[in-house]
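To keep things clear, I will list the structure first and then write my remarks on it.
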Amino acid sequence: MSSYPVSPLAVTLPELCPVAGVKLASVQAGLRYTGRLDLSLMEFAPNTTVAGVFTKNKCPGAPIDWCRKILSRGKARGLLVNAGIANVFTGQAGFDAVKYSTQAAAKTINCAPEEIFVASTGVIGEQLPYQKIINYLPELYSKLASDQWKETAQAILTTDTFAKGFSLKTDIDNIPVTIQGIAKGSGMIAPDMATMLCFVTTDAKLPATVLQKLLNEKVKTTFNSITVDSDTSTSDTLLLFATGQTPNTEINDIDDPRLSNFSNALEKLLQELALLVIRDGEGVTKLIEIKVEGAVNNESAFKIGQSIGNSPLVKTAITGEDANWGRVVMAVGKAGEPADRDLLSVAIDNIWVAKQGEVLSDYDQDKVNKHMQEQVIKIKVNLNLGEGHAKIWSCNLTQGYIEINGSYLRS
């Protein structure tokens, strides 16, 4: 975990329960950090299915290439994760690190290398000392247990200031199932995949094709609707594993009504994890919720919301607790999407401060100013052009962000 002060928006890690078919372990391997957990192994029951979404950054790390390559098999027996070194921009050495560590992990678990997923997070350009990882595999394997979620949530962190996890109970056709996940992320966060990692497990029995369709759909309104700094990491990885240990009815269609409860629970879990990432944005002191209504379509609304959420001027105004709605107007206008100045309306905490292109002289300024002092800031815009809508979550920009990123390689 980072040595920086814990985010004022931090949420205590909830109790994470065992998930049938999942065992975990973490160790201090000293890959880059000292005195903290930085290497984790998960083992999944035979016949576990998997789905994944990854960064669209054109300079991804070797782990991304490997996971994309094996994902089509739809099966997983293990997940190997290290923190501190991203294994990005390391040439052939990066691919060798993945090759030899997955081979060793596969031998340890007794499965095919193509059933071992990997993820790395940390600094770019440093070679990953994979021999250290291989040397720690016997210890990791000996420590595998179903109750090591807290330790694993801590072991995957880099500049994060608190561990992130969430758990839900739901059902498939009245058969109880568990969904549980952990995530890491603090800076370089504008996921487009779906440095950010998220690993979700469930004991439900679902084919990989259904898992993948579900994940593709739910990532749009969760992890792809958050932004810290508009930068898309080279390592963004979201993996969903289903161990099949719960004897629920076999479902092969994402639209099957028996899947609705699970589908809704998965979206809620992903949204909670995504918001935890925003709450730990580097230097964050305020969470920003942005609602866009009345756009020409949902895609346009999303782009406008992103423009507001990524604007340094909007983010710094919120840091200064200044209800500078003019900067919101600016961000709408620069998005490159259809907008009409004379139709645009802006609200702060559901209080309209401008409507139809004009400021409202009688809005409650005291109430708006008081809202700007809160930890969660709500902004709403209505373009009055159509039915398009979107919700984006962002955070403010502070001196802390500069300090963290100005000294990252030395941390």
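Ordering of the structure tokens sets the chain letters (A, B, ...), residue numbers begin anew at 1 in every chain, and ligands are numbered from 1 in the order given.
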
Near Leu80 in chain A, counting only C-alpha atoms, which residues have an atom at most 7 Å away, once you skip same-chain residues fewer than 4 positions from it, shown as a PDB file with N, CA, C and O atoms, in the first residue's frame?
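Below is the file selection-v5.pdb, written as the result:
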ATOM      1  N   SER A  40       0.765 -12.328  -5.761  1.00  0.00           N
ATOM      2  CA  SER A  40      -0.408 -13.128  -5.391  1.00  0.00           C
ATOM      3  C   SER A  40      -0.667 -14.236  -6.399  1.00  0.00           C
ATOM      4  O   SER A  40      -0.365 -14.109  -7.590  1.00  0.00           O
ATOM      5  N   LEU A  41      -1.246 -15.303  -5.894  1.00  0.00           N
ATOM      6  CA  LEU A  41      -1.665 -16.420  -6.732  1.00  0.00           C
ATOM      7  C   LEU A  41      -3.088 -16.799  -6.359  1.00  0.00           C
ATOM      8  O   LEU A  41      -3.419 -16.899  -5.172  1.00  0.00           O
ATOM      9  N   MET A  42      -3.931 -16.968  -7.367  1.00  0.00           N
ATOM     10  CA  MET A  42      -5.261 -17.533  -7.162  1.00  0.00           C
ATOM     11  C   MET A  42      -5.324 -18.873  -7.889  1.00  0.00           C
ATOM     12  O   MET A  42      -4.832 -18.996  -9.018  1.00  0.00           O
ATOM     13  N   PHE A 117      -3.758 -17.051 -16.064  1.00  0.00           N
ATOM     14  CA  PHE A 117      -3.838 -15.630 -16.430  1.00  0.00           C
ATOM     15  C   PHE A 117      -2.851 -14.843 -15.575  1.00  0.00           C
ATOM     16  O   PHE A 117      -2.534 -15.240 -14.439  1.00  0.00           O
ATOM     17  N   VAL A 118      -2.348 -13.750 -16.122  1.00  0.00           N
ATOM     18  CA  VAL A 118      -1.359 -12.937 -15.406  1.00  0.00           C
ATOM     19  C   VAL A 118      -1.744 -11.470 -15.489  1.00  0.00           C
ATOM     20  O   VAL A 118      -2.406 -11.029 -16.438  1.00  0.00           O
ATOM     21  N   ALA A 119      -1.319 -10.714 -14.503  1.00  0.00           N
ATOM     22  CA  ALA A 119      -1.524  -9.266 -14.505  1.00  0.00           C
ATOM     23  C   ALA A 119      -0.379  -8.624 -13.732  1.00  0.00           C
ATOM     24  O   ALA A 119       0.054  -9.163 -12.700  1.00  0.00           O
TER      25      ALA A 119
END

Write out as an NGL selection string which residues come within 6 Å of range 289-304 of chain A when counting only C-alpha atoms, dropping same-chain ones fewer than 2 positions away. :A and (306-307 or 332 or 335 or 378-393)

Please save N, CA, C and O atoms of the selected residues as a PDB file, in the first residue's frame.
ATOM      1  N   GLN A 306     -17.716  12.765 -20.175  1.00  0.00           N
ATOM      2  CA  GLN A 306     -16.270  12.569 -20.066  1.00  0.00           C
ATOM      3  C   GLN A 306     -15.524  13.895 -20.194  1.00  0.00           C
ATOM      4  O   GLN A 306     -14.536  14.139 -19.503  1.00  0.00           O
ATOM      5  N   SER A 307     -15.998  14.740 -21.084  1.00  0.00           N
ATOM      6  CA  SER A 307     -15.366  16.043 -21.274  1.00  0.00           C
ATOM      7  C   SER A 307     -15.437  16.882 -19.999  1.00  0.00           C
ATOM      8  O   SER A 307     -14.468  17.537 -19.611  1.00  0.00           O
ATOM      9  N   VAL A 332     -18.760  21.256 -21.959  1.00  0.00           N
ATOM     10  CA  VAL A 332     -19.793  20.751 -22.866  1.00  0.00           C
ATOM     11  C   VAL A 332     -19.464  21.180 -24.293  1.00  0.00           C
ATOM     12  O   VAL A 332     -19.489  20.376 -25.236  1.00  0.00           O
ATOM     13  N   ALA A 335     -16.532  19.330 -26.235  1.00  0.00           N
ATOM     14  CA  ALA A 335     -16.611  17.877 -26.379  1.00  0.00           C
ATOM     15  C   ALA A 335     -16.692  17.437 -27.836  1.00  0.00           C
ATOM     16  O   ALA A 335     -16.465  16.266 -28.150  1.00  0.00           O
ATOM     17  N   LYS A 378     -22.316  16.990  -7.124  1.00  0.00           N
ATOM     18  CA  LYS A 378     -23.218  16.532  -8.184  1.00  0.00           C
ATOM     19  C   LYS A 378     -23.431  17.633  -9.221  1.00  0.00           C
ATOM     20  O   LYS A 378     -23.822  18.749  -8.882  1.00  0.00           O
ATOM     21  N   ILE A 379     -23.167  17.285 -10.466  1.00  0.00           N
ATOM     22  CA  ILE A 379     -23.351  18.208 -11.593  1.00  0.00           C
ATOM     23  C   ILE A 379     -24.311  17.559 -12.586  1.00  0.00           C
ATOM     24  O   ILE A 379     -24.196  16.362 -12.885  1.00  0.00           O
ATOM     25  N   LYS A 380     -25.251  18.346 -13.074  1.00  0.00           N
ATOM     26  CA  LYS A 380     -26.176  17.833 -14.090  1.00  0.00           C
ATOM     27  C   LYS A 380     -26.294  18.840 -15.215  1.00  0.00           C
ATOM     28  O   LYS A 380     -26.392  20.054 -14.969  1.00  0.00           O
ATOM     29  N   VAL A 381     -26.272  18.359 -16.437  1.00  0.00           N
ATOM     30  CA  VAL A 381     -26.512  19.236 -17.592  1.00  0.00           C
ATOM     31  C   VAL A 381     -27.611  18.630 -18.443  1.00  0.00           C
ATOM     32  O   VAL A 381     -27.737  17.405 -18.548  1.00  0.00           O
ATOM     33  N   ASN A 382     -28.430  19.491 -19.024  1.00  0.00           N
ATOM     34  CA  ASN A 382     -29.470  19.065 -19.954  1.00  0.00           C
ATOM     35  C   ASN A 382     -29.278  19.850 -21.235  1.00  0.00           C
ATOM     36  O   ASN A 382     -29.347  21.075 -21.239  1.00  0.00           O
ATOM     37  N   LEU A 383     -29.010  19.138 -22.332  1.00  0.00           N
ATOM     38  CA  LEU A 383     -28.772  19.797 -23.613  1.00  0.00           C
ATOM     39  C   LEU A 383     -30.067  20.125 -24.340  1.00  0.00           C
ATOM     40  O   LEU A 383     -30.060  20.895 -25.300  1.00  0.00           O
ATOM     41  N   ASN A 384     -31.173  19.470 -23.917  1.00  0.00           N
ATOM     42  CA  ASN A 384     -32.483  19.719 -24.533  1.00  0.00           C
ATOM     43  C   ASN A 384     -32.476  19.516 -26.047  1.00  0.00           C
ATOM     44  O   ASN A 384     -33.102  20.262 -26.795  1.00  0.00           O
ATOM     45  N   LEU A 385     -31.772  18.449 -26.454  1.00  0.00           N
ATOM     46  CA  LEU A 385     -31.697  18.140 -27.885  1.00  0.00           C
ATOM     47  C   LEU A 385     -32.304  16.780 -28.234  1.00  0.00           C
ATOM     48  O   LEU A 385     -32.603  16.512 -29.393  1.00  0.00           O
ATOM     49  N   GLY A 386     -32.435  15.912 -27.230  1.00  0.00           N
ATOM     50  CA  GLY A 386     -32.922  14.568 -27.520  1.00  0.00           C
ATOM     51  C   GLY A 386     -33.099  13.762 -26.253  1.00  0.00           C
ATOM     52  O   GLY A 386     -33.293  14.318 -25.167  1.00  0.00           O
ATOM     53  N   GLU A 387     -33.001  12.435 -26.375  1.00  0.00           N
ATOM     54  CA  GLU A 387     -33.244  11.536 -25.244  1.00  0.00           C
ATOM     55  C   GLU A 387     -31.963  10.914 -24.694  1.00  0.00           C
ATOM     56  O   GLU A 387     -32.025  10.105 -23.772  1.00  0.00           O
ATOM     57  N   GLY A 388     -30.815  11.268 -25.239  1.00  0.00           N
ATOM     58  CA  GLY A 388     -29.563  10.661 -24.811  1.00  0.00           C
ATOM     59  C   GLY A 388     -29.193  11.019 -23.381  1.00  0.00           C
ATOM     60  O   GLY A 388     -29.362  12.164 -22.961  1.00  0.00           O
ATOM     61  N   HIS A 389     -28.693  10.049 -22.632  1.00  0.00           N
ATOM     62  CA  HIS A 389     -28.317  10.303 -21.238  1.00  0.00           C
ATOM     63  C   HIS A 389     -27.131   9.429 -20.855  1.00  0.00           C
ATOM     64  O   HIS A 389     -26.879   8.374 -21.462  1.00  0.00           O
ATOM     65  N   ALA A 390     -26.393   9.858 -19.841  1.00  0.00           N
ATOM     66  CA  ALA A 390     -25.240   9.100 -19.347  1.00  0.00           C
ATOM     67  C   ALA A 390     -24.892   9.587 -17.951  1.00  0.00           C
ATOM     68  O   ALA A 390     -25.263  10.702 -17.553  1.00  0.00           O
ATOM     69  N   LYS A 391     -24.191   8.738 -17.202  1.00  0.00           N
ATOM     70  CA  LYS A 391     -23.699   9.123 -15.887  1.00  0.00           C
ATOM     71  C   LYS A 391     -22.211   8.800 -15.826  1.00  0.00           C
ATOM     72  O   LYS A 391     -21.796   7.696 -16.164  1.00  0.00           O
ATOM     73  N   ILE A 392     -21.429   9.774 -15.404  1.00  0.00           N
ATOM     74  CA  ILE A 392     -19.975   9.642 -15.318  1.00  0.00           C
ATOM     75  C   ILE A 392     -19.544   9.980 -13.895  1.00  0.00           C
ATOM     76  O   ILE A 392     -20.131  10.863 -13.262  1.00  0.00           O
ATOM     77  N   TRP A 393     -18.511   9.296 -13.415  1.00  0.00           N
ATOM     78  CA  TRP A 393     -17.943   9.632 -12.109  1.00  0.00           C
ATOM     79  C   TRP A 393     -16.493  10.070 -12.293  1.00  0.00           C
ATOM     80  O   TRP A 393     -15.724   9.447 -13.023  1.00  0.00           O
TER      81      TRP A 393
END

Selection: 8 Å around Ile278 in chain A, only C-alpha atoms, excl. self and same-chain fewer than 4 positions, as a list in words: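 Everything that qualifies: Ser186, Ile226, Thr227, Val228, Ala274, Leu287, Trp393, Ser394 and Cys395 of chain A.
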
Dump N, CA and C atoms for the selected residues as a JSON list (two decimals), in the first residue's frame?
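Listed below is the output, again12.json:
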[["chain", "number", "residue", "atom", "x", "y", "z"],
["A", 186, "SER", "N", -5.65, 4.03, -8.86],
["A", 186, "SER", "CA", -5.60, 5.31, -8.17],
["A", 186, "SER", "C", -5.28, 6.43, -9.16],
["A", 226, "ILE", "N", -15.86, 5.85, -15.46],
["A", 226, "ILE", "CA", -15.11, 6.57, -14.43],
["A", 226, "ILE", "C", -13.87, 7.19, -15.05],
["A", 227, "THR", "N", -13.40, 8.27, -14.46],
["A", 227, "THR", "CA", -12.14, 8.88, -14.91],
["A", 227, "THR", "C", -11.49, 9.62, -13.75],
["A", 228, "VAL", "N", -10.21, 9.43, -13.58],
["A", 228, "VAL", "CA", -9.43, 10.19, -12.61],
["A", 228, "VAL", "C", -8.67, 11.30, -13.32],
["A", 274, "ALA", "N", -15.77, 0.21, -9.08],
["A", 274, "ALA", "CA", -15.33, 1.36, -9.88],
["A", 274, "ALA", "C", -15.33, 2.64, -9.06],
["A", 287, "LEU", "N", -15.40, 13.47, -4.71],
["A", 287, "LEU", "CA", -15.96, 12.63, -5.76],
["A", 287, "LEU", "C", -16.94, 13.47, -6.57],
["A", 393, "TRP", "N", -18.51, 9.30, -13.41],
["A", 393, "TRP", "CA", -17.94, 9.63, -12.11],
["A", 393, "TRP", "C", -16.49, 10.07, -12.29],
["A", 394, "SER", "N", -16.14, 11.14, -11.62],
["A", 394, "SER", "CA", -14.79, 11.66, -11.71],
["A", 394, "SER", "C", -14.36, 12.11, -10.32],
["A", 395, "CYS", "N", -13.22, 12.80, -10.25],
["A", 395, "CYS", "CA", -12.75, 13.33, -8.97],
["A", 395, "CYS", "C", -12.03, 14.65, -9.23]]

DSSP on the backbone, strand (DSSP E or B) only: what residues of range 79-117 of chain A does that give? Format it as a VMD selection string. chain A and resid 79 to 85 116 to 117

Quick one: residues within 9 Å of range 260-269 of chain A, only C-alpha atoms, excluding same-chain residues fewer than 5 positions away - as a compact mmCIF listing (two decimals) with N, CA, C and O atoms, in the first residue's frame?
# COMPACT_ATOMS: atom_id res chain seq x y z
N PHE A 166 -15.53 -5.86 -2.73
CA PHE A 166 -16.99 -5.83 -2.55
C PHE A 166 -17.52 -7.24 -2.77
O PHE A 166 -16.97 -8.02 -3.54
N SER A 167 -18.61 -7.55 -2.07
CA SER A 167 -19.19 -8.89 -2.14
C SER A 167 -20.70 -8.81 -2.14
O SER A 167 -21.28 -7.96 -1.45
N LEU A 168 -21.34 -9.69 -2.89
CA LEU A 168 -22.80 -9.72 -2.96
C LEU A 168 -23.30 -11.15 -3.00
O LEU A 168 -22.64 -12.05 -3.55
N LYS A 169 -24.47 -11.34 -2.43
CA LYS A 169 -25.18 -12.62 -2.54
C LYS A 169 -26.37 -12.40 -3.48
O LYS A 169 -27.09 -11.40 -3.36
N THR A 170 -26.57 -13.30 -4.40
CA THR A 170 -27.72 -13.20 -5.30
C THR A 170 -28.19 -14.62 -5.61
O THR A 170 -27.90 -15.55 -4.85
N ASP A 171 -28.91 -14.80 -6.70
CA ASP A 171 -29.36 -16.15 -7.04
C ASP A 171 -29.54 -16.28 -8.53
O ASP A 171 -29.70 -15.29 -9.26
N ILE A 172 -29.48 -17.51 -8.98
CA ILE A 172 -29.82 -17.86 -10.36
C ILE A 172 -30.90 -18.92 -10.28
O ILE A 172 -30.65 -20.03 -9.79
N ASP A 173 -32.10 -18.56 -10.70
CA ASP A 173 -33.24 -19.47 -10.66
C ASP A 173 -33.45 -20.02 -9.25
O ASP A 173 -33.64 -21.21 -9.03
N VAL A 177 -26.07 -17.79 -5.08
CA VAL A 177 -24.71 -17.70 -5.59
C VAL A 177 -24.03 -16.47 -4.98
O VAL A 177 -24.69 -15.54 -4.51
N ILE A 179 -21.06 -13.39 -5.59
CA ILE A 179 -20.20 -12.65 -6.50
C ILE A 179 -19.29 -11.78 -5.64
O ILE A 179 -19.78 -11.04 -4.77
N GLN A 180 -18.01 -11.84 -5.88
CA GLN A 180 -17.06 -11.09 -5.05
C GLN A 180 -15.87 -10.64 -5.88
O GLN A 180 -15.40 -11.37 -6.75
N GLY A 181 -15.39 -9.43 -5.60
CA GLY A 181 -14.27 -8.94 -6.38
C GLY A 181 -13.38 -8.01 -5.61
O GLY A 181 -13.76 -7.44 -4.57
N VAL A 200 -12.90 -10.47 -10.45
CA VAL A 200 -14.20 -10.83 -9.90
C VAL A 200 -14.38 -12.34 -10.00
O VAL A 200 -14.05 -12.94 -11.03
N LEU A 214 -22.04 -10.73 -20.71
CA LEU A 214 -22.43 -9.98 -19.51
C LEU A 214 -21.39 -8.92 -19.18
O LEU A 214 -21.72 -7.76 -18.91
N LEU A 215 -20.12 -9.32 -19.20
CA LEU A 215 -19.05 -8.39 -18.85
C LEU A 215 -18.96 -7.25 -19.85
O LEU A 215 -18.79 -6.08 -19.46
N GLU A 217 -21.27 -5.95 -21.52
CA GLU A 217 -22.41 -5.06 -21.32
C GLU A 217 -22.26 -4.23 -20.05
O GLU A 217 -22.48 -3.01 -20.06
N LYS A 218 -21.87 -4.86 -18.96
CA LYS A 218 -21.84 -4.18 -17.66
C LYS A 218 -20.65 -3.25 -17.49
O LYS A 218 -20.71 -2.32 -16.68
N VAL A 219 -19.59 -3.46 -18.23
CA VAL A 219 -18.43 -2.59 -18.08
C VAL A 219 -18.70 -1.18 -18.62
O VAL A 219 -18.08 -0.22 -18.18
N THR A 221 -21.28 0.81 -18.18
CA THR A 221 -21.88 1.74 -17.21
C THR A 221 -21.14 1.74 -15.87
O THR A 221 -21.58 2.40 -14.93
N THR A 222 -20.02 1.03 -15.80
CA THR A 222 -19.29 0.95 -14.54
C THR A 222 -17.86 1.42 -14.73
O THR A 222 -17.57 2.61 -14.64
N ILE A 254 -27.88 -14.77 -22.51
CA ILE A 254 -27.76 -13.61 -21.63
C ILE A 254 -29.11 -12.99 -21.33
O ILE A 254 -29.30 -12.32 -20.30
N ASP A 255 -30.08 -13.21 -22.20
CA ASP A 255 -31.42 -12.64 -22.02
C ASP A 255 -32.37 -13.57 -21.26
O ASP A 255 -33.54 -13.24 -21.08
N ALA A 274 -15.77 0.21 -9.08
CA ALA A 274 -15.33 1.36 -9.88
C ALA A 274 -15.33 2.64 -9.06
O ALA A 274 -14.40 3.46 -9.14

Quick check, in Å to one decimal: how far apart do CA of Gly357 in chain A and CA of Gln375 in chain A lie?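 If I compute the distance from CA of Gly357 in chain A to CA of Gln375 in chain A, I get 28.3 Å.
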
Residue with smallest distance to Glu43 in chain A - pool A:Thr201, A:Asn57, A:Thr159, A:Asn135, counting only C-alpha atoms: A:Thr201

Determine, counting only C-alpha atoms, which protein, DNA and RNA residues have an atom within 9 Å of an atom of Ile70 in chain A; residues of the same chain fewer than 2 positions away are not included. Present the result as a list of chain:residue names. A:Asp65, A:Trp66, A:Cys67, A:Arg68, A:Ser72, A:Arg73, A:Gly74, A:Lys75, A:Glu114, A:Glu115, A:Ile116, A:Phe117

If you keep N, CA, C and O atoms, can you produce a file of those selected residues as an mmCIF file, in the first residue's frame?
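Below is the file selection-v4.cif, written as the result:
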data_model
loop_
_atom_site.group_PDB
_atom_site.id
_atom_site.type_symbol
_atom_site.label_atom_id
_atom_site.label_comp_id
_atom_site.auth_asym_id
_atom_site.auth_seq_id
_atom_site.Cartn_x
_atom_site.Cartn_y
_atom_site.Cartn_z
ATOM 1 N N ASP A 65 -1.180 -8.968 -23.703
ATOM 2 C CA ASP A 65 -1.104 -9.794 -24.914
ATOM 3 C C ASP A 65 -1.354 -11.264 -24.597
ATOM 4 O O ASP A 65 -2.054 -11.969 -25.333
ATOM 5 N N TRP A 66 -0.783 -11.736 -23.492
ATOM 6 C CA TRP A 66 -0.950 -13.140 -23.115
ATOM 7 C C TRP A 66 -2.410 -13.445 -22.773
ATOM 8 O O TRP A 66 -2.974 -14.443 -23.249
ATOM 9 N N CYS A 67 -3.016 -12.604 -21.964
ATOM 10 C CA CYS A 67 -4.401 -12.850 -21.552
ATOM 11 C C CYS A 67 -5.352 -12.804 -22.739
ATOM 12 O O CYS A 67 -6.283 -13.615 -22.826
ATOM 13 N N ARG A 68 -5.133 -11.872 -23.639
ATOM 14 C CA ARG A 68 -5.973 -11.828 -24.845
ATOM 15 C C ARG A 68 -5.829 -13.116 -25.651
ATOM 16 O O ARG A 68 -6.807 -13.634 -26.210
ATOM 17 N N SER A 72 -9.829 -16.834 -25.398
ATOM 18 C CA SER A 72 -10.794 -17.533 -26.248
ATOM 19 C C SER A 72 -11.006 -18.983 -25.827
ATOM 20 O O SER A 72 -12.024 -19.597 -26.166
ATOM 21 N N ARG A 73 -10.069 -19.551 -25.068
ATOM 22 C CA ARG A 73 -10.240 -20.912 -24.558
ATOM 23 C C ARG A 73 -11.368 -20.972 -23.534
ATOM 24 O O ARG A 73 -11.999 -22.018 -23.355
ATOM 25 N N GLY A 74 -11.597 -19.861 -22.842
ATOM 26 C CA GLY A 74 -12.709 -19.777 -21.905
ATOM 27 C C GLY A 74 -12.516 -20.527 -20.596
ATOM 28 O O GLY A 74 -13.448 -20.671 -19.810
ATOM 29 N N LYS A 75 -11.297 -21.008 -20.333
ATOM 30 C CA LYS A 75 -11.023 -21.788 -19.125
ATOM 31 C C LYS A 75 -9.886 -21.161 -18.337
ATOM 32 O O LYS A 75 -8.951 -20.599 -18.903
ATOM 33 N N GLU A 114 -1.759 -22.254 -20.668
ATOM 34 C CA GLU A 114 -2.822 -21.442 -21.251
ATOM 35 C C GLU A 114 -4.033 -21.284 -20.333
ATOM 36 O O GLU A 114 -5.008 -20.613 -20.692
ATOM 37 N N GLU A 115 -3.974 -21.900 -19.157
ATOM 38 C CA GLU A 115 -5.023 -21.733 -18.153
ATOM 39 C C GLU A 115 -4.582 -20.819 -17.005
ATOM 40 O O GLU A 115 -5.306 -20.654 -16.038
ATOM 41 N N ILE A 116 -3.392 -20.220 -17.177
ATOM 42 C CA ILE A 116 -2.867 -19.296 -16.176
ATOM 43 C C ILE A 116 -2.930 -17.873 -16.710
ATOM 44 O O ILE A 116 -2.259 -17.533 -17.685
ATOM 45 N N PHE A 117 -3.758 -17.051 -16.064
ATOM 46 C CA PHE A 117 -3.838 -15.630 -16.430
ATOM 47 C C PHE A 117 -2.851 -14.843 -15.575
ATOM 48 O O PHE A 117 -2.534 -15.240 -14.439
#

I'd like the contact shell of range 320-328 of chain A - 7 Å cut-off, only C-alpha atoms, skipping same-chain residues fewer than 5 positions apart - returned as a PyMOL selection string. chain A and resi 308+313-314+369+372-373

Go ahead and save the residues from that selection, with all heavy atoms, as a PDB file, in the first residue's frame.
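The result, stored in again_13.pdb:
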ATOM      1  N   ILE A 308     -16.577  16.825 -19.330  1.00  0.00           N
ATOM      2  CA  ILE A 308     -16.727  17.558 -18.060  1.00  0.00           C
ATOM      3  C   ILE A 308     -15.836  16.934 -16.986  1.00  0.00           C
ATOM      4  O   ILE A 308     -15.099  17.624 -16.273  1.00  0.00           O
ATOM      5  CB  ILE A 308     -18.199  17.542 -17.598  1.00  0.00           C
ATOM      6  CG1 ILE A 308     -19.090  18.256 -18.618  1.00  0.00           C
ATOM      7  CG2 ILE A 308     -18.336  18.202 -16.221  1.00  0.00           C
ATOM      8  CD1 ILE A 308     -20.578  18.064 -18.375  1.00  0.00           C
ATOM      9  N   LEU A 313     -10.008  22.414 -15.550  1.00  0.00           N
ATOM     10  CA  LEU A 313     -10.627  23.617 -14.996  1.00  0.00           C
ATOM     11  C   LEU A 313     -11.836  23.283 -14.130  1.00  0.00           C
ATOM     12  O   LEU A 313     -12.050  23.894 -13.078  1.00  0.00           O
ATOM     13  CB  LEU A 313     -11.025  24.566 -16.125  1.00  0.00           C
ATOM     14  CG  LEU A 313      -9.871  25.313 -16.799  1.00  0.00           C
ATOM     15  CD1 LEU A 313     -10.384  26.168 -17.938  1.00  0.00           C
ATOM     16  CD2 LEU A 313      -9.106  26.169 -15.796  1.00  0.00           C
ATOM     17  N   VAL A 314     -12.637  22.324 -14.555  1.00  0.00           N
ATOM     18  CA  VAL A 314     -13.766  21.889 -13.728  1.00  0.00           C
ATOM     19  C   VAL A 314     -13.243  21.243 -12.449  1.00  0.00           C
ATOM     20  O   VAL A 314     -13.710  21.539 -11.338  1.00  0.00           O
ATOM     21  CB  VAL A 314     -14.666  20.904 -14.499  1.00  0.00           C
ATOM     22  CG1 VAL A 314     -15.726  20.306 -13.562  1.00  0.00           C
ATOM     23  CG2 VAL A 314     -15.344  21.601 -15.675  1.00  0.00           C
ATOM     24  N   ASN A 369     -23.352  26.875  -2.720  1.00  0.00           N
ATOM     25  CA  ASN A 369     -22.027  27.044  -2.117  1.00  0.00           C
ATOM     26  C   ASN A 369     -21.786  26.039  -0.990  1.00  0.00           C
ATOM     27  O   ASN A 369     -20.676  25.530  -0.831  1.00  0.00           O
ATOM     28  CB  ASN A 369     -21.856  28.473  -1.596  1.00  0.00           C
ATOM     29  CG  ASN A 369     -21.773  29.488  -2.721  1.00  0.00           C
ATOM     30  OD1 ASN A 369     -21.394  29.151  -3.844  1.00  0.00           O
ATOM     31  ND2 ASN A 369     -22.131  30.728  -2.429  1.00  0.00           N
ATOM     32  N   MET A 372     -20.868  22.700  -2.425  1.00  0.00           N
ATOM     33  CA  MET A 372     -19.499  22.621  -2.925  1.00  0.00           C
ATOM     34  C   MET A 372     -18.498  22.266  -1.831  1.00  0.00           C
ATOM     35  O   MET A 372     -17.371  21.860  -2.116  1.00  0.00           O
ATOM     36  CB  MET A 372     -19.105  23.947  -3.587  1.00  0.00           C
ATOM     37  CG  MET A 372     -19.942  24.331  -4.796  1.00  0.00           C
ATOM     38  SD  MET A 372     -19.988  23.062  -6.086  1.00  0.00           S
ATOM     39  CE  MET A 372     -18.266  23.027  -6.575  1.00  0.00           C
ATOM     40  N   GLN A 373     -18.903  22.385  -0.577  1.00  0.00           N
ATOM     41  CA  GLN A 373     -18.025  22.035   0.538  1.00  0.00           C
ATOM     42  C   GLN A 373     -18.133  20.559   0.914  1.00  0.00           C
ATOM     43  O   GLN A 373     -17.373  20.065   1.730  1.00  0.00           O
ATOM     44  CB  GLN A 373     -18.366  22.905   1.756  1.00  0.00           C
ATOM     45  CG  GLN A 373     -18.153  24.395   1.524  1.00  0.00           C
ATOM     46  CD  GLN A 373     -18.684  25.238   2.666  1.00  0.00           C
ATOM     47  OE1 GLN A 373     -18.834  24.762   3.790  1.00  0.00           O
ATOM     48  NE2 GLN A 373     -18.990  26.497   2.376  1.00  0.00           N
TER      49      GLN A 373
END

Using backbone DSSP assignments, extract all helix (DSSP H, G or I) residues from range 194-238 of chain A; output them as a PyMOL selection string. chain A and resi 208-218+223-225

Judged by only C-alpha atoms, the minimum distance to Ala20 in chain A among A:Leu39, A:Ala153, A:Leu71, A:Ala204 is found for A:Ala204

Residues near Leu144 in chain A, cut-off 12 Å, only C-alpha atoms, skip fewer than 3 positions along chain, as JSON, numbers by chain: {"A": [21, 22, 23, 24, 25, 26, 27, 40, 41, 42, 43, 44, 78, 108, 109, 137, 138, 139, 140, 141, 147, 148, 149, 151, 152]}

Considering only C-alpha atoms, can you say which of A:Ala317, A:Ile134, A:Ala208, A:Leu128 comes closest to Ile251 in chain A?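 Result for the nearest residue to Ile251 in chain A: A:Ala208.
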
Figure out the distance between CA of Lys205 in chain A and CA of Glu250 in chain A, please, to one decimal in Å.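 These atoms are spaced 7.0 Å apart.
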
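Using only C-alpha atoms for every distance, the candidate list A:Ala145, A:Leu344, A:Cys59, A:Leu270 yields A:Leu270 as the residue closest to Leu239 in chain A.
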
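Using only C-alpha atoms, the nearest neighbour of Ile377 in chain A within the list A:Ala112, A:Leu13, A:Val6, A:Ile318 is A:Ile318.
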
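Minimum atom-to-atom distances from A:Ile133, A:Val19, A:Ala83, A:Ile64 to Gln245 in chain A were compared using only C-alpha atoms, and the lowest value belongs to A:Val19.
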